[in-house]
Each structure stands twice: as structure tokens, then as C-alpha cells.
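Peer 1: Sending over model.txt (compact mmCIF, C-alpha atoms).
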```txt
# COMPACT_ATOMS: atom_id res chain seq x y z
CA MET A 1 175.38 5.20 127.16
CA VAL A 2 178.73 5.19 128.99
CA GLU A 3 180.40 4.02 125.78
CA LEU A 4 178.67 6.78 123.81
CA GLY A 5 179.66 9.36 126.41
CA SER A 6 183.27 8.26 126.56
CA ALA A 7 183.58 8.33 122.77
CA ALA A 8 181.91 11.74 122.60
CA ARG A 9 184.29 13.18 125.19
CA ALA A 10 187.31 12.03 123.18
CA ALA A 11 185.80 13.26 119.92
CA SER A 12 184.96 16.66 121.40
CA ARG A 13 188.64 17.48 121.80
CA THR A 14 189.31 16.73 118.13
CA VAL A 15 186.32 18.76 116.93
CA ALA A 16 187.23 21.72 119.14
CA ALA A 17 190.73 21.78 117.63
CA ALA A 18 189.53 21.36 114.02
CA PRO A 19 189.75 24.47 111.81
CA THR A 20 186.52 26.13 110.71
CA ALA A 21 187.08 24.94 107.15
CA VAL A 22 187.15 21.30 108.27
CA ARG A 23 183.91 21.62 110.27
CA ASN A 24 182.26 23.38 107.31
CA ARG A 25 183.50 20.62 104.99
CA ALA A 26 181.80 18.06 107.21
CA LEU A 27 178.52 19.99 107.11
CA LEU A 28 178.63 20.30 103.32
CA ALA A 29 179.31 16.56 103.04
CA VAL A 30 176.30 15.90 105.29
CA HIS A 31 174.28 18.15 102.98
CA ASP A 32 175.28 16.13 99.92
CA ALA A 33 174.68 12.81 101.70
CA LEU A 34 171.16 13.86 102.74
CA ASP A 35 170.40 15.13 99.27
CA GLY A 36 171.48 11.81 97.78
CA ALA A 37 169.56 9.76 100.34
CA ARG A 38 166.13 11.31 99.83
CA ALA A 39 164.48 8.02 98.87
CA GLY A 40 165.93 6.21 101.88
CA LEU A 41 164.93 9.03 104.23
CA MET A 42 161.36 9.01 102.90
CA GLU A 43 161.13 5.23 103.27
CA ALA A 44 162.40 5.29 106.84
CA ASN A 45 159.98 8.08 107.63
CA ARG A 46 157.14 6.12 106.07
CA GLN A 47 157.87 3.29 108.52
CA ASP A 48 157.75 5.73 111.44
CA LEU A 49 154.47 7.21 110.21
CA GLU A 50 152.90 3.77 109.80
CA GLN A 51 153.89 2.79 113.33
CA GLY A 52 152.67 6.14 114.60
CA ARG A 53 149.25 5.66 113.05
CA ALA A 54 149.11 2.13 114.43
CA LYS A 55 149.79 3.59 117.89
CA SER A 56 147.06 6.22 117.33
CA LEU A 57 149.40 9.20 117.61
CA ASP A 58 147.42 12.42 117.32
CA ALA A 59 147.39 14.45 114.09
CA PRO A 60 149.72 17.29 115.24
CA LEU A 61 152.36 14.77 116.35
CA LEU A 62 152.13 12.91 113.04
CA ASP A 63 152.45 16.22 111.21
CA ARG A 64 155.65 17.09 113.09
CA LEU A 65 156.96 13.58 112.45
CA GLU A 66 156.48 13.65 108.68
CA LEU A 67 159.43 14.28 106.36
CA THR A 68 158.14 15.80 103.13
CA PRO A 69 160.32 16.77 100.14
CA ALA A 70 159.87 20.40 101.20
CA ARG A 71 161.07 19.63 104.74
CA ILE A 72 164.13 17.84 103.38
CA ASP A 73 164.80 20.92 101.24
CA ALA A 74 164.51 23.03 104.39
CA MET A 75 167.03 20.81 106.20
CA LEU A 76 169.47 21.25 103.32
CA GLU A 77 168.97 25.02 103.30
CA GLY A 78 169.52 25.06 107.06
CA LEU A 79 172.86 23.32 106.63
CA ARG A 80 173.96 25.85 104.01
CA GLN A 81 172.98 28.68 106.34
CA VAL A 82 174.97 27.23 109.24
CA VAL A 83 178.02 26.83 107.00
CA ALA A 84 177.74 30.52 106.08
CA LEU A 85 177.60 31.68 109.71
CA PRO A 86 180.73 33.14 111.31
CA ASP A 87 182.50 30.71 113.61
CA PRO A 88 182.61 32.01 117.20
CA VAL A 89 185.25 29.52 118.35
CA GLY A 90 188.65 31.06 119.04
CA SER A 91 187.53 34.68 118.83
CA ILE A 92 189.17 36.93 121.43
CA SER A 93 187.44 39.98 122.87
CA ASP A 94 187.83 42.57 125.63
CA MET A 95 191.62 42.51 125.43
CA ARG A 96 193.07 45.18 127.71
CA SER A 97 196.45 46.06 129.26
CA MET A 98 196.86 45.89 133.01
CA PRO A 99 199.26 47.82 135.30
CA SER A 100 201.49 44.74 135.58
CA GLY A 101 202.05 44.80 131.82
CA ILE A 102 200.00 41.69 131.01
CA GLN A 103 197.17 41.78 128.48
CA VAL A 104 193.93 40.11 129.59
CA GLY A 105 191.06 39.09 127.32
CA ARG A 106 188.46 36.40 126.74
CA MET A 107 188.38 33.63 124.16
CA ARG A 108 185.29 31.80 122.91
CA VAL A 109 185.58 28.02 123.33
CA PRO A 110 183.13 25.12 122.85
CA LEU A 111 181.12 23.76 125.76
CA GLY A 112 182.35 20.21 125.03
CA VAL A 113 179.72 17.48 124.79
CA ILE A 114 176.08 18.49 124.36
CA GLY A 115 173.24 16.03 124.93
CA ILE A 116 170.03 16.93 123.11
CA ILE A 117 166.74 15.22 123.93
CA TYR A 118 163.80 15.94 121.67
CA GLU A 119 160.48 14.62 120.46
CA SER A 120 158.93 13.82 117.13
CA ARG A 121 160.57 16.10 114.54
CA PRO A 122 163.43 14.32 112.74
CA ASN A 123 164.65 17.58 111.20
CA VAL A 124 165.84 18.54 114.70
CA THR A 125 168.50 15.83 114.31
CA VAL A 126 170.10 17.77 111.48
CA GLU A 127 169.60 21.20 113.09
CA ALA A 128 171.13 20.12 116.39
CA ALA A 129 174.02 18.23 114.81
CA SER A 130 174.94 21.13 112.52
CA LEU A 131 174.89 23.76 115.27
CA CYS A 132 176.90 21.61 117.67
CA LEU A 133 179.48 20.70 115.04
CA LYS A 134 179.87 24.27 113.74
CA SER A 135 180.45 25.52 117.30
CA GLY A 136 183.15 22.89 117.90
CA ASN A 137 181.12 20.59 120.16
CA ALA A 138 180.40 16.87 120.11
CA ALA A 139 176.73 15.89 120.31
CA ILE A 140 174.71 12.97 121.60
CA LEU A 141 171.22 13.13 120.10
CA ARG A 142 168.28 11.25 121.57
CA GLY A 143 165.14 11.68 119.50
CA GLY A 144 161.70 10.34 120.28
CA SER A 145 160.94 6.64 119.83
CA GLU A 146 158.28 7.57 117.27
CA SER A 147 161.01 8.89 114.89
CA LEU A 148 163.65 6.21 115.47
CA ALA A 149 163.85 4.90 111.88
CA SER A 150 164.02 8.42 110.44
CA ASN A 151 166.73 9.49 112.89
CA CYS A 152 168.82 6.39 112.20
CA ALA A 153 168.63 7.10 108.46
CA ILE A 154 169.72 10.70 109.07
CA ALA A 155 172.51 9.44 111.35
CA GLU A 156 174.04 7.52 108.45
CA CYS A 157 174.30 10.76 106.49
CA LEU A 158 175.84 12.52 109.47
CA GLN A 159 178.46 9.78 109.80
CA HIS A 160 179.26 10.05 106.09
CA GLY A 161 179.86 13.79 106.43
CA LEU A 162 182.16 13.36 109.41
CA GLN A 163 184.16 10.67 107.63
CA ALA A 164 184.50 12.82 104.51
CA ALA A 165 186.02 15.64 106.56
CA GLY A 166 188.31 13.35 108.56
CA LEU A 167 186.51 13.99 111.84
CA PRO A 168 185.71 11.21 114.34
CA GLU A 169 182.32 9.57 113.86
CA ALA A 170 181.67 9.93 117.59
CA ALA A 171 181.50 13.71 117.14
CA VAL A 172 177.78 13.28 116.43
CA GLN A 173 176.04 10.19 117.77
CA VAL A 174 172.34 9.37 117.50
CA VAL A 175 171.09 7.10 120.28
CA SER A 176 169.74 4.11 118.38
CA THR A 177 167.55 2.64 121.11
CA ALA A 178 163.99 3.54 122.07
CA ASP A 179 164.64 2.45 125.65
CA ARG A 180 163.58 5.32 127.94
CA ASP A 181 166.35 4.40 130.38
CA ALA A 182 168.82 5.83 127.86
CA VAL A 183 167.56 9.33 128.71
CA GLY A 184 168.02 8.71 132.42
CA HIS A 185 171.65 7.73 131.87
CA LEU A 186 172.37 10.57 129.44
CA ILE A 187 171.29 13.27 131.90
CA ALA A 188 173.29 11.72 134.75
CA MET A 189 176.77 11.52 133.20
CA PRO A 190 178.54 14.79 134.10
CA GLU A 191 181.88 13.12 133.53
CA TYR A 192 181.01 12.79 129.83
CA VAL A 193 178.25 15.36 129.11
CA ASP A 194 178.66 19.10 129.74
CA VAL A 195 175.13 20.35 129.08
CA ILE A 196 171.69 18.97 128.22
CA VAL A 197 169.23 20.71 125.89
CA PRO A 198 165.68 19.29 126.05
CA ARG A 199 163.36 20.20 123.17
CA GLY A 200 159.75 19.12 123.54
CA GLY A 201 156.68 19.42 125.69
CA LYS A 202 156.52 20.76 129.21
CA GLY A 203 156.35 17.25 130.70
CA LEU A 204 159.60 16.18 129.05
CA ILE A 205 161.43 19.35 130.08
CA GLU A 206 160.18 19.18 133.68
CA ARG A 207 161.35 15.58 133.97
CA ILE A 208 164.78 16.38 132.52
CA SER A 209 165.20 19.43 134.75
CA LYS A 210 164.18 17.48 137.86
CA ASP A 211 166.39 14.45 137.34
CA ALA A 212 169.45 15.83 135.51
CA ARG A 213 172.88 15.86 137.12
CA VAL A 214 174.15 17.83 134.14
CA PRO A 215 173.39 21.56 133.59
CA VAL A 216 170.23 22.07 131.50
CA ILE A 217 169.46 24.85 128.98
CA LYS A 218 165.68 25.05 128.79
CA HIS A 219 162.37 26.83 128.91
CA LEU A 220 159.21 25.26 130.32
CA ASP A 221 156.43 27.49 129.00
CA GLY A 222 155.85 30.27 126.53
CA VAL A 223 153.29 32.44 128.34
CA CYS A 224 153.92 35.52 126.19
CA HIS A 225 152.21 38.92 126.52
CA VAL A 226 151.49 41.93 124.37
CA TYR A 227 150.59 45.12 126.25
CA ILE A 228 148.81 47.92 124.37
CA ASP A 229 149.82 51.07 126.21
CA ASP A 230 147.87 54.33 126.56
CA PHE A 231 150.33 55.87 124.08
CA ALA A 232 150.10 53.09 121.48
CA ASP A 233 149.60 53.76 117.79
CA ASP A 234 146.25 52.09 117.05
CA GLU A 235 147.28 50.58 113.71
CA ILE A 236 150.55 49.18 115.06
CA ALA A 237 148.71 47.81 118.10
CA PHE A 238 146.08 46.13 115.94
CA THR A 239 148.55 44.60 113.50
CA VAL A 240 150.91 43.30 116.21
CA ALA A 241 148.14 41.95 118.46
CA VAL A 242 146.59 40.00 115.58
CA ASN A 243 149.89 38.66 114.26
CA ALA A 244 151.26 37.68 117.68
CA LYS A 245 148.29 35.37 118.21
CA THR A 246 147.14 34.17 114.81
CA GLN A 247 150.33 33.79 112.71
CA ARG A 248 150.87 30.36 114.33
CA TYR A 249 149.20 28.86 117.37
CA GLY A 250 151.47 26.01 118.44
CA THR A 251 154.73 27.86 119.03
CA CYS A 252 156.34 28.98 122.28
CA ASN A 253 156.57 32.62 121.14
CA THR A 254 152.86 32.99 120.35
CA MET A 255 151.01 35.56 122.48
CA GLU A 256 148.79 33.90 125.08
CA THR A 257 147.63 36.99 127.03
CA LEU A 258 146.72 40.42 125.67
CA LEU A 259 146.85 43.35 128.11
CA VAL A 260 145.19 46.64 127.15
CA ALA A 261 145.37 49.95 129.00
CA GLU A 262 141.94 51.21 130.13
CA GLY A 263 142.41 54.34 128.04
CA LYS A 264 142.73 52.24 124.86
CA ALA A 265 140.26 49.47 125.65
CA ALA A 266 137.11 50.97 124.11
CA ALA A 267 138.89 51.83 120.87
CA MET A 268 140.86 48.60 120.46
CA LEU A 269 138.99 45.65 121.93
CA PRO A 270 135.82 45.60 119.76
CA ARG A 271 137.93 45.81 116.62
CA LEU A 272 140.31 43.13 117.84
CA ALA A 273 137.39 40.92 118.89
CA GLN A 274 136.12 40.95 115.32
CA ALA A 275 139.55 40.06 113.92
CA TYR A 276 139.98 37.22 116.38
CA ALA A 277 136.49 35.92 115.63
CA GLU A 278 137.30 35.84 111.92
CA ALA A 279 140.43 33.82 112.75
CA GLY A 280 138.48 31.41 114.98
CA VAL A 281 140.16 32.49 118.22
CA GLU A 282 138.27 31.85 121.47
CA LEU A 283 138.51 34.78 123.91
CA ARG A 284 138.61 34.63 127.70
CA GLY A 285 138.49 37.98 129.41
CA CYS A 286 138.30 39.94 132.64
CA PRO A 287 134.95 41.63 133.42
CA ARG A 288 135.92 44.91 131.67
CA ALA A 289 137.20 43.06 128.60
CA ARG A 290 133.95 41.10 128.38
CA GLU A 291 131.94 44.34 128.40
CA LEU A 292 133.76 45.33 125.23
CA MET A 293 134.04 41.80 123.78
CA PRO A 294 130.63 40.21 124.52
CA ALA A 295 131.55 36.88 122.95
CA ALA A 296 134.42 36.36 125.39
CA LYS A 297 134.13 33.81 128.16
CA ALA A 298 135.04 34.67 131.74
CA ALA A 299 138.76 34.24 132.40
CA SER A 300 139.83 32.22 135.43
CA GLU A 301 142.99 32.73 137.49
CA GLN A 302 144.52 29.79 135.62
CA ASP A 303 143.95 31.49 132.26
CA TRP A 304 146.55 34.12 133.13
CA ARG A 305 149.11 31.33 133.60
CA GLU A 306 148.13 29.19 130.61
CA GLU A 307 150.19 28.37 127.54
CA TYR A 308 147.33 27.39 125.26
CA LEU A 309 149.28 26.52 122.08
CA ALA A 310 145.84 26.80 120.50
CA PRO A 311 143.43 29.45 119.12
CA ILE A 312 142.55 30.68 122.62
CA LEU A 313 143.51 34.09 124.03
CA ALA A 314 143.22 35.60 127.51
CA VAL A 315 142.46 39.35 127.57
CA ARG A 316 142.77 41.72 130.50
CA VAL A 317 142.18 45.46 130.78
CA VAL A 318 144.73 47.10 133.11
CA ALA A 319 144.91 50.57 134.63
CA GLY A 320 148.16 51.37 132.86
CA LEU A 321 151.84 50.60 132.49
CA GLU A 322 152.55 49.80 136.14
CA GLN A 323 149.76 47.25 136.41
CA ALA A 324 150.77 45.71 133.08
CA ILE A 325 154.36 45.22 134.26
CA ASP A 326 153.11 43.78 137.55
CA HIS A 327 150.81 41.34 135.72
CA ILE A 328 153.60 40.20 133.39
CA ASN A 329 156.15 39.70 136.16
CA THR A 330 153.52 37.74 138.12
CA TYR A 331 152.22 35.44 135.39
CA SER A 332 154.83 35.46 132.60
CA SER A 333 157.07 32.45 131.99
CA GLN A 334 159.89 34.92 131.22
CA HIS A 335 159.96 33.97 127.55
CA THR A 336 158.88 36.98 125.43
CA ASP A 337 156.80 40.06 126.22
CA SER A 338 156.07 43.15 124.13
CA ILE A 339 154.79 46.70 124.68
CA ILE A 340 153.05 48.75 122.01
CA THR A 341 153.71 52.42 122.72
CA GLN A 342 154.97 55.68 121.21
CA GLU A 343 156.04 57.00 124.62
CA HIS A 344 159.82 56.56 124.94
CA GLY A 345 159.80 56.66 128.73
CA HIS A 346 157.18 53.90 128.92
CA ALA A 347 159.12 51.80 126.42
CA MET A 348 162.37 52.15 128.38
CA ARG A 349 160.68 51.36 131.68
CA PHE A 350 159.09 48.24 130.14
CA LEU A 351 162.48 47.10 128.81
CA ARG A 352 164.13 47.59 132.19
CA GLU A 353 161.45 46.18 134.47
CA VAL A 354 159.96 43.21 132.58
CA ASP A 355 162.05 40.20 133.59
CA SER A 356 161.92 38.05 130.45
CA SER A 357 164.50 36.60 128.08
CA SER A 358 163.18 38.74 125.20
CA VAL A 359 161.48 42.11 125.78
CA MET A 360 160.14 43.99 122.77
CA VAL A 361 158.81 47.40 121.79
CA ASN A 362 156.27 47.69 118.95
CA ALA A 363 156.99 44.18 117.61
CA SER A 364 155.25 40.81 117.53
CA THR A 365 156.37 38.16 119.99
CA ARG A 366 156.50 35.77 117.01
CA LEU A 367 159.81 37.43 116.10
CA ALA A 368 161.52 35.89 119.15
CA ASP A 369 163.52 33.41 117.10
CA GLY A 370 167.16 32.72 116.38
CA PHE A 371 166.81 33.27 112.64
CA GLU A 372 164.89 36.53 113.12
CA TYR A 373 167.53 37.73 115.61
CA GLY A 374 170.30 37.19 113.09
CA LEU A 375 171.72 34.12 114.81
CA GLY A 376 171.15 32.09 111.64
CA ALA A 377 169.62 29.22 113.56
CA GLU A 378 168.91 28.21 117.13
CA ILE A 379 169.05 25.07 119.19
CA GLY A 380 166.26 26.27 121.46
CA ILE A 381 165.07 29.10 123.69
CA SER A 382 166.43 29.56 127.19
CA THR A 383 164.55 31.34 129.97
CA ASP A 384 167.35 30.60 132.43
CA LYS A 385 169.47 33.48 133.72
CA ILE A 386 172.84 31.72 133.78
CA HIS A 387 174.97 31.13 130.68
CA ALA A 388 172.43 31.57 127.86
CA ARG A 389 169.14 33.50 127.74
CA GLY A 390 166.72 33.81 124.83
CA PRO A 391 167.33 32.08 121.49
CA VAL A 392 170.46 29.89 121.77
CA GLY A 393 172.56 30.02 118.61
CA LEU A 394 176.21 29.24 117.95
CA GLU A 395 177.52 31.68 120.55
CA GLY A 396 175.18 30.15 123.16
CA LEU A 397 176.84 26.78 122.52
CA THR A 398 180.20 28.22 123.51
CA THR A 399 181.60 29.70 126.69
CA GLN A 400 184.50 32.02 127.45
CA LYS A 401 187.81 31.54 129.14
CA PHE A 402 190.32 34.19 130.18
CA VAL A 403 193.50 34.42 128.13
CA VAL A 404 196.57 36.30 129.35
CA LEU A 405 199.48 37.51 127.20
CA GLY A 406 202.70 38.47 128.89
CA GLU A 407 206.40 39.02 128.38
CA GLY A 408 207.81 37.52 131.55
CA GLN A 409 205.73 39.44 134.08
CA ILE A 410 205.68 38.15 137.64
CA ARG A 411 203.62 39.14 140.66
CA THR A 412 205.46 41.10 143.33
```
For the file at hand, write its structure as C-alpha cells.
Peer 2:
Amino acid sequence: MVELGSAARAASRTVAAAPTAVRNRALLAVHDALDGARAGLMEANRQDLEQGRAKSLDAPLLDRLELTPARIDAMLEGLRQVVALPDPVGSISDMRSMPSGIQVGRMRVPLGVIGIIYESRPNVTVEAASLCLKSGNAAILRGGSESLASNCAIAECLQHGLQAAGLPEAAVQVVSTADRDAVGHLIAMPEYVDVIVPRGGKGLIERISKDARVPVIKHLDGVCHVYIDDFADDEIAFTVAVNAKTQRYGTCNTMETLLVAEGKAAAMLPRLAQAYAEAGVELRGCPRARELMPAAKAASEQDWREEYLAPILAVRVVAGLEQAIDHINTYSSQHTDSIITQEHGHAMRFLREVDSSSVMVNASTRLADGFEYGLGAEIGISTDKIHARGPVGLEGLTTQKFVVLGEGQIRT
């Protein structure tokens, strides 16, 4: 790991200095290499799937592990999208003249070396590599042991792309060992690694956050809320509340708790209960919610804190906006929360007072995503308050430094 880190540090300087056209050329060469290696990728993935079944991996994990022709197509499309994105590196903003005569501004620069630790999905290898390379960073990628063969096959294509563009192979390195100690070393090398991005379950992220000696960009949970306000449009409220829960269950931006103002409860909850029943969603509610949704089970204190990642929804009737904000700031994981309202003052107060990385008005929490935000792609979601917050795209993989332009000015 020290050798990988040392090589990545040296390579990061070359990548940071490379023109945008060179980094894009590398990504397009990776695209062509992956497209030409479909059979090899599928064979490597077949080996991973066979070993996974032999180890009795559960069905959702095997599903995330599988590389289908459609998923390879999606990886290729993702590369083309990243190539088309504007390059943030080197852009200068906020330039202003000072009384001394100097001009002061800020320039976007890469973070340096990014370590990414993830589970199961081999397509993350391509996503992470492309975003790091486009933003001028070197990357050390450590996928899960269950996808080792697939990741090594993808790594060959990454190396081909780097070679074709004349960039150092160490600019993107895939850790080729399943030894868990590799992770422990990777997160404890601040002399070589500038930031760690863990992508996976809560257990993985908690472990990384606890043991890392390198700054971590992360989120632990996605306990997301939708609040139907007294001034909500009923049709918007119904559509958003159904979509936010049922469009997909296993994602971090799926609604896990629905809050409804008392003044809207009688009109909205029976109708929503029927829609959730048709979708197979189990409901857990407060006493007032259960009066209006008889099939709902009693919600416990833990239900308000739970990220189900499943067709289960907690429902609470609140007195109004103030209690809704208080509930969210008490139980939310600061990921994504939404208000449904036509009252501008309520919307603005919700935006100001809810302390989450994404706060929405009249929109589904499922839209909290780098692609949907116009970032093109994301390397993850951050609920931290320092450096990056929300979906982390190319700009989130850079930082800023002050630049000063002068003509011989001195301080007197």
C-alpha cells in the first residue's frame, strides 16, 4: 500500500498538470478498451458470481455484483458523459482589485490523491476512476473482495486508457488484493492520500470514519423526510409522497418518514394508505396516523430514526410546520428532506431551518442525485459540513487556492 500511495502521489502531479484534452483522451481510450473487452469482463464477472453463490451471498448483493450487457453499456455512456462535462480545474473566480493594487481571486485545483473504498458494484470502479481523472486527481480504488476478478479486468482497461493518453499508469490504481488489512493501511496514509470516499453500507462507513487518519467524505444514513404542509396542493403531495417511497426502495435518497400536518391528515392519509398498500409498503404510524390508516402498525421511537432501505414507511401526523421542522432536525440524518406547500413563507422557512445537505420544495427526495442536479455524475453523497455537502461531482473533487496578480506591489 505504501508503494501504491507513493506512486499515486507522483502521478497526481502529472495528472493535475495535464490539459483537459489529454484527460479526456484517456477517458475515451478507456471507453474503447472496455467496449472491446466485453467478453473478458463478462467472464471475470461470471467467476465473481460463481464464488459469490458458493459463499451464499444474498440476492441483492449478487444483483449489484452482476455485470450485464446493459450495465456495461451504462458504464460506457457514463464515460461519454464525463468527457462532455466542463473541466473545473484551473478556473478562476471572484477576482477583485484591492486598495494595494493587487488582484485577488480563487483557482480550482485537484485534491490530489483520492482513495475510494466500495462494495460489490464493479461499475463503481469506472465511475470513480473517470470522475477522479477528469478532475485532475489520482485514485486508489479498493473494491469489495466479492468483485475482485471483475475489478481487475476493468483495471486493465483503465491502464490501457492511461497509456494511450501518455499519462502515468499509477494515476488510477485498483488494489488487487482481497486482504482487509489493505483498507486499514489506505485510510492511514495522509502522506500519500488526501481524502477517502467510502461507498457502501453503514457498517463500512462507520469503520472507515472511526479509524481513518485521512479526511473522509461520507454519509452514514439516508433517513429522508417528506412533510405535507397545511398549504400543500393535494395532487402534488400525493404524487411526491408515493414517488419518494416507491420509485426505488434501496437507495439513500428514498423517503423513510412521511410527516403530515394535522389539517391535511384526514384528506391525505387514507388515499396514501391505499396507494402504499397497492405497492406492498408496510406502514408504521403514530396513534393519529393509525386512526386514518388502520392497517398501519404502531411506530416505535426507533422507527423515526430508521433507514429501512425496504418497502416500509414511518408516518407521523404533526401539528404543523414548526413541529415538522423540529422532528426532522431531531431524527434526520441530514441527507435530503422535502416540504410540499404552496405557502412561500413556509417554504422559505423550511429551506432556512432544516439542516440537511439537500432541502427541497414540492419535489421528490429521489431527485437528490448528481445527475439530476446537473453535475453529470457523482462520486457519492456527503452529509458533512466541511468541504463538500450533498452530491459530490467534479467540483467536489477539487478545492480552491487563492491566486494574486500584481505589478510589483509591496506592503508598507
Peer 1: In the coordinate frame of the file, compute which residues have an atom within 6 Å of (151.8, 40.4, 131.3) when using all atoms listed in the file, and state them as a ChimeraX atom specification.
Peer 2: /A:225,324,327-328,332
Peer 1: Using all atoms listed in the file, can you list as a PyMOL selection string the residues within 12 Å of (143.6, 29.7, 123.3)?
Peer 2: chain A and resi 223+245-246+248-250+254-258+276+279-285+296-297+299+303-315
Peer 1: Name the closest residue to Val197 in chain A among the candidates A:Ala139, A:Cys224, A:Met75, A:Ala155; distances are taken between atoms, counting all atoms listed in the file.
Peer 2: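 Among A:Ala139, A:Cys224, A:Met75, A:Ala155, it is A:Ala139 that comes nearest to Val197 in chain A.
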Peer 1: Of the candidates A:Glu146, A:Asp63, A:Asp94, A:Glu77, which shows the shortest atom-to-atom distance to Tyr118 in chain A, using all atoms listed in the file?
Peer 2: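 Closest candidate: A:Glu146.
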Peer 1: So how far away is CA of Gly222 in chain A from CA of Ser333 in chain A, in Å?
Peer 2: 6.0 Å
Peer 1: Hey, which of A:Pro122, A:Glu278, A:Glu301, A:Ser150 ends up closest to Arg46 in chain A? Count all atoms listed in the file.
Peer 2: A:Ser150
Peer 1: Give me, as a PyMOL selection string, all polymer residues having an atom no more than 9 Å from range 172-182 of chain A, counting all atoms listed in the file and skipping those fewer than 4 positions away in the same chain.
Peer 2: chain A and resi 1+4+8+11+125+129+132-133+137-146+148-149+151-152+154-155+158-159+162+168+186-187
Peer 1: Filtering to C-alpha atoms, could you give me those residues as a CSV table (one decimal), in the frame of the given file?
Peer 2:
```
chain,number,residue,atom,x,y,z
A,1,MET,CA,175.4,5.2,127.2
A,4,LEU,CA,178.7,6.8,123.8
A,8,ALA,CA,181.9,11.7,122.6
A,11,ALA,CA,185.8,13.3,119.9
A,125,THR,CA,168.5,15.8,114.3
A,129,ALA,CA,174.0,18.2,114.8
A,132,CYS,CA,176.9,21.6,117.7
A,133,LEU,CA,179.5,20.7,115.0
A,137,ASN,CA,181.1,20.6,120.2
A,138,ALA,CA,180.4,16.9,120.1
A,139,ALA,CA,176.7,15.9,120.3
A,140,ILE,CA,174.7,13.0,121.6
A,141,LEU,CA,171.2,13.1,120.1
A,142,ARG,CA,168.3,11.2,121.6
A,143,GLY,CA,165.1,11.7,119.5
A,144,GLY,CA,161.7,10.3,120.3
A,145,SER,CA,160.9,6.6,119.8
A,146,GLU,CA,158.3,7.6,117.3
A,148,LEU,CA,163.6,6.2,115.5
A,149,ALA,CA,163.8,4.9,111.9
A,151,ASN,CA,166.7,9.5,112.9
A,152,CYS,CA,168.8,6.4,112.2
A,154,ILE,CA,169.7,10.7,109.1
A,155,ALA,CA,172.5,9.4,111.4
A,158,LEU,CA,175.8,12.5,109.5
A,159,GLN,CA,178.5,9.8,109.8
A,162,LEU,CA,182.2,13.4,109.4
A,168,PRO,CA,185.7,11.2,114.3
A,186,LEU,CA,172.4,10.6,129.4
A,187,ILE,CA,171.3,13.3,131.9
```
Peer 1: Pick from A:Glu322, A:Asp48, A:Asp87, A:Asp221: nearest to Ile205 in chain A, with all atoms listed in the file counted?
Peer 2: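 Of all the options, A:Asp221 lies closest to Ile205 in chain A.
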Peer 1: What's the 8 Å shell around range 361-367 of chain A, counting only C-alpha atoms, without same-chain residues fewer than 5 positions away, as an MDAnalysis selection string?
Peer 2: chainID A and resid 224:226 236:237 240:241 243:244 247 253:255 336:341 347 351 372:373
Peer 1: Provide the CA of His219 in chain A to CA of Gly396 in chain A distance in Å, to one decimal place.
Peer 2: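 Going from CA of His219 in chain A over to CA of Gly396 in chain A covers 14.4 Å.
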Peer 1: Could you check how far CA of Ile228 in chain A sits from CA of Val354 in chain A, in Å to one decimal?
Peer 2: 14.6 Å
Peer 1: For Arg213 in chain A, please output as a PyMOL selection string all residues within 10 Å (counting all atoms listed in the file; exclusion window: fewer than 5 positions along the same chain).
Peer 2: chain A and resi 184-190+193-196+208
Peer 1: Between A:Ile217, A:Leu34, A:Ile92, A:Ile116, single out the one closest to Ser382 in chain A, counting all atoms listed in the file.
Peer 2: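 Ranking A:Ile217, A:Leu34, A:Ile92, A:Ile116 by distance to Ser382 in chain A, first place goes to A:Ile217.
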Peer 1: Smallest atom-to-atom distance to His387 in chain A: which of A:Arg25, A:Lys218, A:His160, A:Arg121, using all atoms listed in the file?
Peer 2: A:Lys218
Peer 1: Might you pull out every residue within 12 Å of Val15 in chain A, with all atoms listed in the file counted and same-chain residues fewer than 4 positions away left off, and present them as a PyMOL selection string?
Peer 2: chain A and resi 8-11+19-24+26+89+109-113+132-139+162+165-172
Peer 1: Can those selected residues be exported to a file as an mmCIF file, in the frame of the given file so that it contains C-alpha atoms?
Peer 2:
```
data_model
loop_
_atom_site.group_PDB
_atom_site.id
_atom_site.type_symbol
_atom_site.label_atom_id
_atom_site.label_comp_id
_atom_site.auth_asym_id
_atom_site.auth_seq_id
_atom_site.Cartn_x
_atom_site.Cartn_y
_atom_site.Cartn_z
ATOM 1 C CA ALA A 8 181.910 11.740 122.600
ATOM 2 C CA ARG A 9 184.290 13.180 125.190
ATOM 3 C CA ALA A 10 187.310 12.030 123.180
ATOM 4 C CA ALA A 11 185.800 13.260 119.920
ATOM 5 C CA PRO A 19 189.750 24.470 111.810
ATOM 6 C CA THR A 20 186.520 26.130 110.710
ATOM 7 C CA ALA A 21 187.080 24.940 107.150
ATOM 8 C CA VAL A 22 187.150 21.300 108.270
ATOM 9 C CA ARG A 23 183.910 21.620 110.270
ATOM 10 C CA ASN A 24 182.260 23.380 107.310
ATOM 11 C CA ALA A 26 181.800 18.060 107.210
ATOM 12 C CA VAL A 89 185.250 29.520 118.350
ATOM 13 C CA VAL A 109 185.580 28.020 123.330
ATOM 14 C CA PRO A 110 183.130 25.120 122.850
ATOM 15 C CA LEU A 111 181.120 23.760 125.760
ATOM 16 C CA GLY A 112 182.350 20.210 125.030
ATOM 17 C CA VAL A 113 179.720 17.480 124.790
ATOM 18 C CA CYS A 132 176.900 21.610 117.670
ATOM 19 C CA LEU A 133 179.480 20.700 115.040
ATOM 20 C CA LYS A 134 179.870 24.270 113.740
ATOM 21 C CA SER A 135 180.450 25.520 117.300
ATOM 22 C CA GLY A 136 183.150 22.890 117.900
ATOM 23 C CA ASN A 137 181.120 20.590 120.160
ATOM 24 C CA ALA A 138 180.400 16.870 120.110
ATOM 25 C CA ALA A 139 176.730 15.890 120.310
ATOM 26 C CA LEU A 162 182.160 13.360 109.410
ATOM 27 C CA ALA A 165 186.020 15.640 106.560
ATOM 28 C CA GLY A 166 188.310 13.350 108.560
ATOM 29 C CA LEU A 167 186.510 13.990 111.840
ATOM 30 C CA PRO A 168 185.710 11.210 114.340
ATOM 31 C CA GLU A 169 182.320 9.570 113.860
ATOM 32 C CA ALA A 170 181.670 9.930 117.590
ATOM 33 C CA ALA A 171 181.500 13.710 117.140
ATOM 34 C CA VAL A 172 177.780 13.280 116.430
#
```
Peer 1: Could you give me, as a VMD selection string, the residues within 7 Å of Val260 in chain A, counting only C-alpha atoms and dropping anything in the same chain fewer than 2 positions from it?
Peer 2: chain A and resid 227 to 229 258 262 264 to 265 316 to 318
